[in-house]
$ cat upload-v4.txt   # compact mmCIF, C-alpha atoms
# COMPACT_ATOMS: atom_id res chain seq x y z
CA MET A 553 -13.78 -20.35 12.25
CA MET A 554 -10.13 -20.23 11.17
CA LEU A 555 -9.43 -21.05 7.56
CA THR A 556 -6.61 -23.34 6.56
CA MET A 557 -3.97 -21.82 4.27
CA VAL A 558 -5.38 -23.90 1.42
CA ASP A 559 -8.91 -22.56 2.00
CA LYS A 560 -7.64 -19.00 2.39
CA ASN A 561 -5.63 -19.19 -0.84
CA ARG A 562 -8.50 -20.71 -2.78
CA ALA A 563 -10.97 -18.08 -1.52
CA LEU A 564 -8.64 -15.16 -2.26
CA ARG A 565 -7.64 -16.57 -5.64
CA ALA A 566 -11.29 -17.03 -6.63
CA MET A 567 -12.11 -13.44 -5.57
CA ALA A 568 -9.13 -12.13 -7.54
CA ARG A 569 -10.12 -14.14 -10.61
CA ARG A 570 -13.68 -12.75 -10.44
CA ALA A 571 -12.13 -9.26 -10.28
CA GLY A 572 -10.15 -10.00 -13.47
CA LEU A 573 -6.82 -11.47 -12.35
CA CYS A 574 -4.81 -12.46 -15.43
CA ASP A 575 -3.99 -16.05 -16.36
CA GLU A 576 -0.29 -15.67 -15.54
CA TRP A 577 -0.82 -14.51 -11.95
CA PHE A 578 -3.70 -16.95 -11.47
CA GLY A 579 -1.53 -19.86 -12.62
CA GLU A 580 1.36 -18.86 -10.32
CA TRP A 581 -0.86 -18.70 -7.23
CA HIS A 582 -0.49 -21.90 -5.20
CA ASP A 583 -2.66 -23.29 -2.42
CA ASP A 584 0.19 -23.19 0.10
CA THR A 585 1.16 -19.52 -0.37
CA SER A 586 2.01 -18.02 3.04
CA ASP A 587 0.43 -14.88 4.49
CA ALA A 588 3.67 -12.94 3.93
CA ASP A 589 3.78 -14.06 0.28
CA LEU A 590 0.08 -13.22 -0.20
CA ILE A 591 0.67 -9.71 1.10
CA GLY A 592 3.75 -9.48 -1.10
CA LYS A 593 1.63 -10.40 -4.12
CA TYR A 594 -0.90 -7.74 -3.12
CA LYS A 595 1.82 -5.09 -3.01
CA ARG A 596 3.58 -6.24 -6.21
CA GLY A 597 0.22 -6.23 -7.98
CA ILE A 598 -0.84 -2.92 -6.50
CA ASP A 599 -1.93 -1.67 -9.94
CA PHE A 600 -4.48 -4.53 -10.06
CA SER A 601 -5.55 -3.78 -6.49
CA LEU A 602 -6.03 -0.10 -7.30
CA SER A 603 -7.77 -0.49 -10.65
CA LYS A 604 -10.17 -3.17 -9.37
CA ASP A 605 -10.43 -1.84 -5.79
CA TRP A 606 -9.37 -5.34 -4.73
CA LEU A 607 -9.20 -6.57 -1.92
CA PRO A 608 -11.91 -4.70 0.04
CA ASN A 609 -10.81 -3.62 3.51
CA GLU A 610 -13.31 -5.85 5.27
CA LYS A 611 -11.89 -8.88 3.43
CA ILE A 612 -8.33 -7.89 4.29
CA ALA A 613 -9.35 -7.71 7.97
CA GLU A 614 -11.13 -11.06 7.66
CA PHE A 615 -8.17 -12.90 6.13
CA PHE A 616 -5.18 -11.24 7.86
CA ASP A 617 -4.52 -10.19 11.45
CA ARG A 618 -3.11 -6.75 12.26
CA ASP A 619 0.32 -8.02 13.32
CA THR A 620 0.80 -9.92 10.05
CA LEU A 621 -0.29 -6.92 7.99
CA ARG A 622 1.93 -4.55 9.97
CA ALA A 623 4.96 -6.86 9.70
CA ASN A 624 4.50 -6.86 5.93
CA GLY A 625 4.01 -3.12 5.47
CA VAL A 626 0.22 -2.89 5.24
CA PHE A 627 -1.65 -0.71 7.71
CA LEU A 628 -5.43 -1.13 7.82
CA ASN A 629 -7.12 1.10 10.39
CA ASP A 630 -3.76 0.98 12.17
CA ASP A 631 -1.90 3.97 13.60
CA ALA A 632 1.47 2.22 13.93
CA PRO A 633 4.61 4.11 12.87
CA ILE A 634 6.15 3.39 9.45
CA THR A 635 9.93 3.01 9.13
CA GLY A 636 12.50 1.17 7.06
CA ASN A 637 12.85 0.39 3.40
CA GLY A 638 10.22 -1.11 1.14
CA THR A 639 6.67 -0.69 -0.04
CA PHE A 640 3.99 0.37 2.43
CA VAL A 641 0.21 0.60 2.00
CA THR A 642 -2.13 2.54 4.28
CA LEU A 643 -5.82 1.71 4.08
CA GLY A 644 -9.01 2.73 5.82
CA GLU A 645 -8.84 5.11 8.76
CA THR A 646 -5.15 5.31 9.58
CA ASN A 647 -3.14 8.03 11.25
CA ASN A 648 0.53 7.17 10.76
CA GLU A 649 3.88 8.85 11.19
CA ALA A 650 6.71 7.80 8.91
CA HIS A 651 10.37 8.63 9.45
CA PHE A 652 13.06 7.79 6.92
CA ASN A 653 16.75 8.62 7.17
CA ASN A 654 20.21 7.58 5.99
CA PHE A 655 19.80 5.97 2.56
CA ALA A 656 16.23 4.73 3.08
CA ALA A 657 14.16 4.04 -0.03
CA ALA A 658 10.41 3.60 0.29
CA GLU A 659 7.14 3.67 -1.63
CA ILE A 660 3.96 4.58 0.20
CA TYR A 661 0.48 4.02 -1.21
CA ALA A 662 -1.99 6.09 0.84
CA ARG A 663 -5.63 5.19 0.29
CA HIS A 664 -9.08 5.84 1.67
CA ASN A 665 -8.99 8.15 4.71
CA SER A 666 -5.33 7.65 5.62
CA HIS A 667 -3.48 10.53 7.23
CA ILE A 668 0.30 10.28 7.21
CA LYS A 669 2.99 12.64 8.47
CA ILE A 670 6.18 11.83 6.58
CA LYS A 671 9.65 13.10 7.42
CA ALA A 672 12.69 12.21 5.33
CA SER A 673 16.27 13.23 6.08
CA ASP A 674 19.85 12.51 5.05
CA TYR A 675 19.75 10.83 1.61
CA ALA A 676 16.34 9.14 1.84
CA LYS A 677 14.28 8.80 -1.35
CA ILE A 678 10.55 8.42 -0.80
CA THR A 679 7.76 8.00 -3.36
CA ILE A 680 4.18 8.60 -2.28
CA CYS A 681 1.10 7.68 -4.31
CA LEU A 682 -1.90 9.53 -2.89
CA PHE A 683 -5.47 8.34 -3.55
CA ASP A 684 -9.09 8.80 -2.46
CA ASN A 685 -9.39 11.07 0.60
CA ALA A 686 -5.92 10.38 1.99
CA VAL A 687 -3.99 13.30 3.48
CA VAL A 688 -0.22 13.68 3.72
CA GLU A 689 2.04 16.13 5.47
CA VAL A 690 5.59 15.88 4.14
CA LYS A 691 8.93 17.30 5.13
CA ALA A 692 12.25 16.62 3.42
CA GLN A 693 15.50 17.71 5.07
CA ASP A 694 19.16 17.57 4.12
CA CYS A 695 19.53 15.84 0.74
CA ALA A 696 16.35 13.75 1.08
CA LYS A 697 13.87 13.76 -1.82
CA ILE A 698 10.16 13.05 -1.79
CA TYR A 699 8.10 12.45 -4.92
CA ILE A 700 4.31 12.66 -4.65
CA PHE A 701 2.03 11.26 -7.35
CA LYS A 702 -1.39 12.72 -6.54
CA TYR A 703 -4.32 10.74 -7.91
CA GLY A 704 -6.63 12.13 -5.26
CA GLY A 705 -6.42 13.11 -1.65
CA LYS A 706 -4.85 16.21 -0.18
CA ILE A 707 -1.38 17.49 0.56
CA LYS A 708 -1.83 19.37 3.81
CA GLU A 709 1.70 20.60 4.40
CA ILE A 710 4.87 20.44 2.37
CA SER A 711 8.47 21.57 2.92
CA GLY A 712 11.84 20.70 1.45
CA ASN A 713 12.93 18.98 -1.76
CA ILE A 714 9.57 17.63 -2.90
CA LEU A 715 8.16 17.08 -6.39
CA VAL A 716 4.38 16.85 -6.80
CA ARG A 717 2.73 15.44 -9.92
CA GLU A 718 -1.02 15.63 -10.44
CA CYS A 719 -2.09 12.35 -12.05
CA ASP A 720 -5.27 11.11 -13.72
CA PHE A 721 -6.36 7.87 -12.00
CA GLN A 722 -8.56 6.73 -14.91
CA LYS A 723 -5.81 7.31 -17.47
CA ILE A 724 -3.30 5.25 -15.47
CA PHE A 725 -5.44 2.61 -13.74
CA GLY A 726 -8.81 2.85 -15.48
$ encode --input "upload-v4.txt" --output "C-alpha cells"
Amino acid sequence: MMLTMVDKNRALRAMARRAGLCDEWFGEWHDDTSDADLIGKYKRGIDFSLSKDWLPNEKIAEFFDRDTLRANGVFLNDDAPITGNGTFVTLGETNNEAHFNNFAAAEIYARHNSHIKIKASDYAKITICLFDNAVVEVKAQDCAKIYIFKYGGKIKEISGNILVRECDFQKIFG
C-alpha cells in the first residue's frame, strides 16, 4: 500500500520524535514535505541520524525508492557511481566509485558495510566521514585534497594529499 505524503510525513516525524528530535525541527516539519526535502532534512540533520542511528535502513527502503534516494545523494544497498558537488550518504551494503574533478566540493558519509573508491583531481576538496565497517580507498591527484574523519571503518588504500583524523564517535555524537 502506497502512503500519501501526509501519512509518510506523519509516520517519519513520529519516529523522529520518539528518537529525540528537538522541538525546533519537529515544529518545522510539515505534512506536505516532499521526498527531496525529507532527504535533505536527513542529510542536514546527519548528526541526529548518526547519534540516534535514525532512520534504520529498512525504513529508508520502505519510505523511499532507489531512484529518489540516488537523485538526492543517498545510496542504500546501491552500487551507483557518485559524482558532482554536495553531500552524499552511503548505507548498507554498497560498493561505489566516486570521481571528483575541477573545483568539486563534496562530503561523503560512509556507513555500515559501504565500500567506496574515491578519486579526486584538479582542485577538488572532499571530506569523508567514515563509520561502522565502511571501507574507503582514496586517491588525490594534482591539487585535490581529501580529508578523512575516521570514527570507525577502514582505510584500505591511500595516496596523494590526504589528511586522516582519528575521531571518537561517543565524544562527538554520543
$ atom_distance --input "upload-v4.txt" --atom1 "atom CA of Gly644 of chain A" --atom2 "atom CA of Leu621 of chain A"
13.2 Å
$ atom_distance --input "upload-v4.txt" --atom1 "atom CA of Val716 of chain A" --atom2 "atom CA of Gly638 of chain A"
20.5 Å
$ atom_distance --input "upload-v4.txt" --atom1 "atom CA of Pro633 of chain A" --atom2 "atom CA of Lys669 of chain A"
9.7 Å
$ closest_residue --input "upload-v4.txt" --among "A:Ala571, A:Leu607, A:Ala672, A:Ile680" --to "Phe640 of chain A" --atoms "only C-alpha atoms"
A:Ile680
$ closest_residue --input "upload-v4.txt" --among "A:Ile678, A:Ala650, A:Ala692, A:Leu602" --to "Phe725 of chain A" --atoms "only C-alpha atoms"
A:Leu602
$ residues_around --input "upload-v4.txt" --residues "Glu718 of chain A" --least-positions-apart "5" --cutoff "9 Å" --atoms "all atoms listed in the file" --output "MDAnalysis selection string"
chainID A and resid 700:704
$ residues_around --input "upload-v4.txt" --residues "Ala662 of chain A" --least-positions-apart "2" --cutoff "8 Å" --atoms "all atoms listed in the file" --output "PyMOL selection string"
chain A and resi 641-643+660+664+666-668+680-683+686-687
$ residues_around --input "upload-v4.txt" --residues "Phe600 of chain A" --least-positions-apart "3" --cutoff "12 Å" --atoms "all atoms listed in the file" --output "JSON, numbers by chain"
{"A": [568, 569, 571, 572, 573, 574, 577, 593, 594, 595, 596, 597, 603, 604, 605, 606, 607, 724, 725, 726]}
$ decode --input "upload-v4.txt" --residues "segment 565-682 of chain A" --atoms "C-alpha atoms" --output "mmCIF file, in the first residue's frame"
data_model
loop_
_atom_site.group_PDB
_atom_site.id
_atom_site.type_symbol
_atom_site.label_atom_id
_atom_site.label_comp_id
_atom_site.auth_asym_id
_atom_site.auth_seq_id
_atom_site.Cartn_x
_atom_site.Cartn_y
_atom_site.Cartn_z
ATOM 1 C CA ARG A 565 8.006 12.722 12.087
ATOM 2 C CA ALA A 566 6.583 10.492 14.835
ATOM 3 C CA MET A 567 9.548 8.088 14.535
ATOM 4 C CA ALA A 568 11.988 11.006 14.685
ATOM 5 C CA ARG A 569 10.226 12.472 17.717
ATOM 6 C CA ARG A 570 10.410 9.111 19.525
ATOM 7 C CA ALA A 571 14.140 9.067 18.726
ATOM 8 C CA GLY A 572 14.519 12.511 20.355
ATOM 9 C CA LEU A 573 14.013 15.067 17.569
ATOM 10 C CA CYS A 574 14.143 18.566 19.076
ATOM 11 C CA ASP A 575 11.149 20.902 19.261
ATOM 12 C CA GLU A 576 12.546 23.283 16.626
ATOM 13 C CA TRP A 577 12.962 20.636 13.920
ATOM 14 C CA PHE A 578 9.699 18.937 14.919
ATOM 15 C CA GLY A 579 7.805 22.224 14.616
ATOM 16 C CA GLU A 580 9.309 22.993 11.190
ATOM 17 C CA TRP A 581 8.334 19.605 9.744
ATOM 18 C CA HIS A 582 5.150 19.946 7.681
ATOM 19 C CA ASP A 583 2.776 17.271 6.412
ATOM 20 C CA ASP A 584 3.397 18.200 2.773
ATOM 21 C CA THR A 585 7.211 17.969 2.827
ATOM 22 C CA SER A 586 8.402 16.390 -0.442
ATOM 23 C CA ASP A 587 10.655 13.336 -0.688
ATOM 24 C CA ALA A 588 13.559 15.528 -1.840
ATOM 25 C CA ASP A 589 13.066 17.855 1.144
ATOM 26 C CA LEU A 590 12.778 14.898 3.543
ATOM 27 C CA ILE A 591 16.072 13.505 2.291
ATOM 28 C CA GLY A 592 17.559 16.993 2.535
ATOM 29 C CA LYS A 593 16.459 17.174 6.178
ATOM 30 C CA TYR A 594 18.034 13.761 6.795
ATOM 31 C CA LYS A 595 21.358 14.954 5.378
ATOM 32 C CA ARG A 596 21.275 18.379 7.109
ATOM 33 C CA GLY A 597 20.494 16.625 10.383
ATOM 34 C CA ILE A 598 23.071 13.906 9.848
ATOM 35 C CA ASP A 599 24.392 14.386 13.396
ATOM 36 C CA PHE A 600 20.939 13.401 14.715
ATOM 37 C CA SER A 601 20.791 10.475 12.292
ATOM 38 C CA LEU A 602 24.220 9.261 13.398
ATOM 39 C CA SER A 603 23.788 9.731 17.140
ATOM 40 C CA LYS A 604 20.349 8.088 17.197
ATOM 41 C CA ASP A 605 21.002 5.601 14.362
ATOM 42 C CA TRP A 606 17.898 7.082 12.741
ATOM 43 C CA LEU A 607 16.387 6.199 10.214
ATOM 44 C CA PRO A 608 17.028 2.421 10.074
ATOM 45 C CA ASN A 609 17.886 1.153 6.600
ATOM 46 C CA GLU A 610 14.763 -0.966 6.331
ATOM 47 C CA LYS A 611 12.621 2.116 7.000
ATOM 48 C CA ILE A 612 14.533 4.158 4.430
ATOM 49 C CA ALA A 613 13.863 1.404 1.870
ATOM 50 C CA GLU A 614 10.201 1.294 2.913
ATOM 51 C CA PHE A 615 9.611 5.041 2.560
ATOM 52 C CA PHE A 616 11.854 5.948 -0.408
ATOM 53 C CA ASP A 617 12.529 4.283 -3.750
ATOM 54 C CA ARG A 618 16.086 3.813 -5.027
ATOM 55 C CA ASP A 619 15.804 6.417 -7.796
ATOM 56 C CA THR A 620 14.638 9.107 -5.370
ATOM 57 C CA LEU A 621 17.411 8.286 -2.912
ATOM 58 C CA ARG A 622 20.048 8.223 -5.651
ATOM 59 C CA ALA A 623 18.855 11.536 -7.133
ATOM 60 C CA ASN A 624 19.246 13.104 -3.696
ATOM 61 C CA GLY A 625 22.677 11.685 -2.875
ATOM 62 C CA VAL A 626 21.747 8.733 -0.665
ATOM 63 C CA PHE A 627 22.870 5.255 -1.663
ATOM 64 C CA LEU A 628 21.282 2.352 0.225
ATOM 65 C CA ASN A 629 22.487 -1.054 -0.958
ATOM 66 C CA ASP A 630 23.163 0.730 -4.251
ATOM 67 C CA ASP A 631 26.350 0.454 -6.309
ATOM 68 C CA ALA A 632 25.705 3.545 -8.449
ATOM 69 C CA PRO A 633 28.601 5.933 -9.130
ATOM 70 C CA ILE A 634 28.890 9.135 -7.081
ATOM 71 C CA THR A 635 29.753 12.411 -8.825
ATOM 72 C CA GLY A 636 29.120 16.123 -8.514
ATOM 73 C CA ASN A 637 29.012 18.537 -5.627
ATOM 74 C CA GLY A 638 27.106 18.122 -2.398
ATOM 75 C CA THR A 639 26.567 15.777 0.499
ATOM 76 C CA PHE A 640 26.386 12.041 -0.122
ATOM 77 C CA VAL A 641 25.486 9.203 2.252
ATOM 78 C CA THR A 642 26.260 5.530 1.644
ATOM 79 C CA LEU A 643 24.364 2.994 3.728
ATOM 80 C CA GLY A 644 24.081 -0.757 3.984
ATOM 81 C CA GLU A 645 25.953 -2.937 1.514
ATOM 82 C CA THR A 646 27.169 -0.501 -1.120
ATOM 83 C CA ASN A 647 30.113 -0.693 -3.481
ATOM 84 C CA ASN A 648 30.508 2.746 -5.042
ATOM 85 C CA GLU A 649 33.068 4.606 -7.098
ATOM 86 C CA ALA A 650 33.285 8.360 -6.711
ATOM 87 C CA HIS A 651 35.124 10.697 -9.072
ATOM 88 C CA PHE A 652 35.534 14.398 -8.389
ATOM 89 C CA ASN A 653 37.423 16.906 -10.511
ATOM 90 C CA ASN A 654 37.683 20.592 -11.386
ATOM 91 C CA PHE A 655 36.540 22.568 -8.345
ATOM 92 C CA ALA A 656 34.192 19.903 -6.945
ATOM 93 C CA ALA A 657 33.342 20.086 -3.251
ATOM 94 C CA ALA A 658 31.715 17.114 -1.563
ATOM 95 C CA GLU A 659 31.045 15.496 1.803
ATOM 96 C CA ILE A 660 30.649 11.734 1.971
ATOM 97 C CA TYR A 661 29.241 9.898 4.988
ATOM 98 C CA ALA A 662 30.129 6.202 4.648
ATOM 99 C CA ARG A 663 28.237 3.901 7.000
ATOM 100 C CA HIS A 664 27.573 0.254 7.680
ATOM 101 C CA ASN A 665 29.346 -2.008 5.163
ATOM 102 C CA SER A 666 29.875 0.586 2.442
ATOM 103 C CA HIS A 667 32.934 0.246 0.227
ATOM 104 C CA ILE A 668 33.868 3.331 -1.765
ATOM 105 C CA LYS A 669 36.742 4.012 -4.147
ATOM 106 C CA ILE A 670 37.244 7.769 -4.275
ATOM 107 C CA LYS A 671 39.393 9.651 -6.761
ATOM 108 C CA ALA A 672 39.800 13.423 -6.635
ATOM 109 C CA SER A 673 41.758 15.530 -9.120
ATOM 110 C CA ASP A 674 42.343 19.127 -10.177
ATOM 111 C CA TYR A 675 41.228 21.372 -7.287
ATOM 112 C CA ALA A 676 38.541 19.138 -5.753
ATOM 113 C CA LYS A 677 38.035 19.253 -1.973
ATOM 114 C CA ILE A 678 36.449 16.149 -0.482
ATOM 115 C CA THR A 679 35.554 15.401 3.140
ATOM 116 C CA ILE A 680 34.850 11.814 4.141
ATOM 117 C CA CYS A 681 33.322 10.733 7.452
ATOM 118 C CA LEU A 682 33.923 7.014 7.923
#
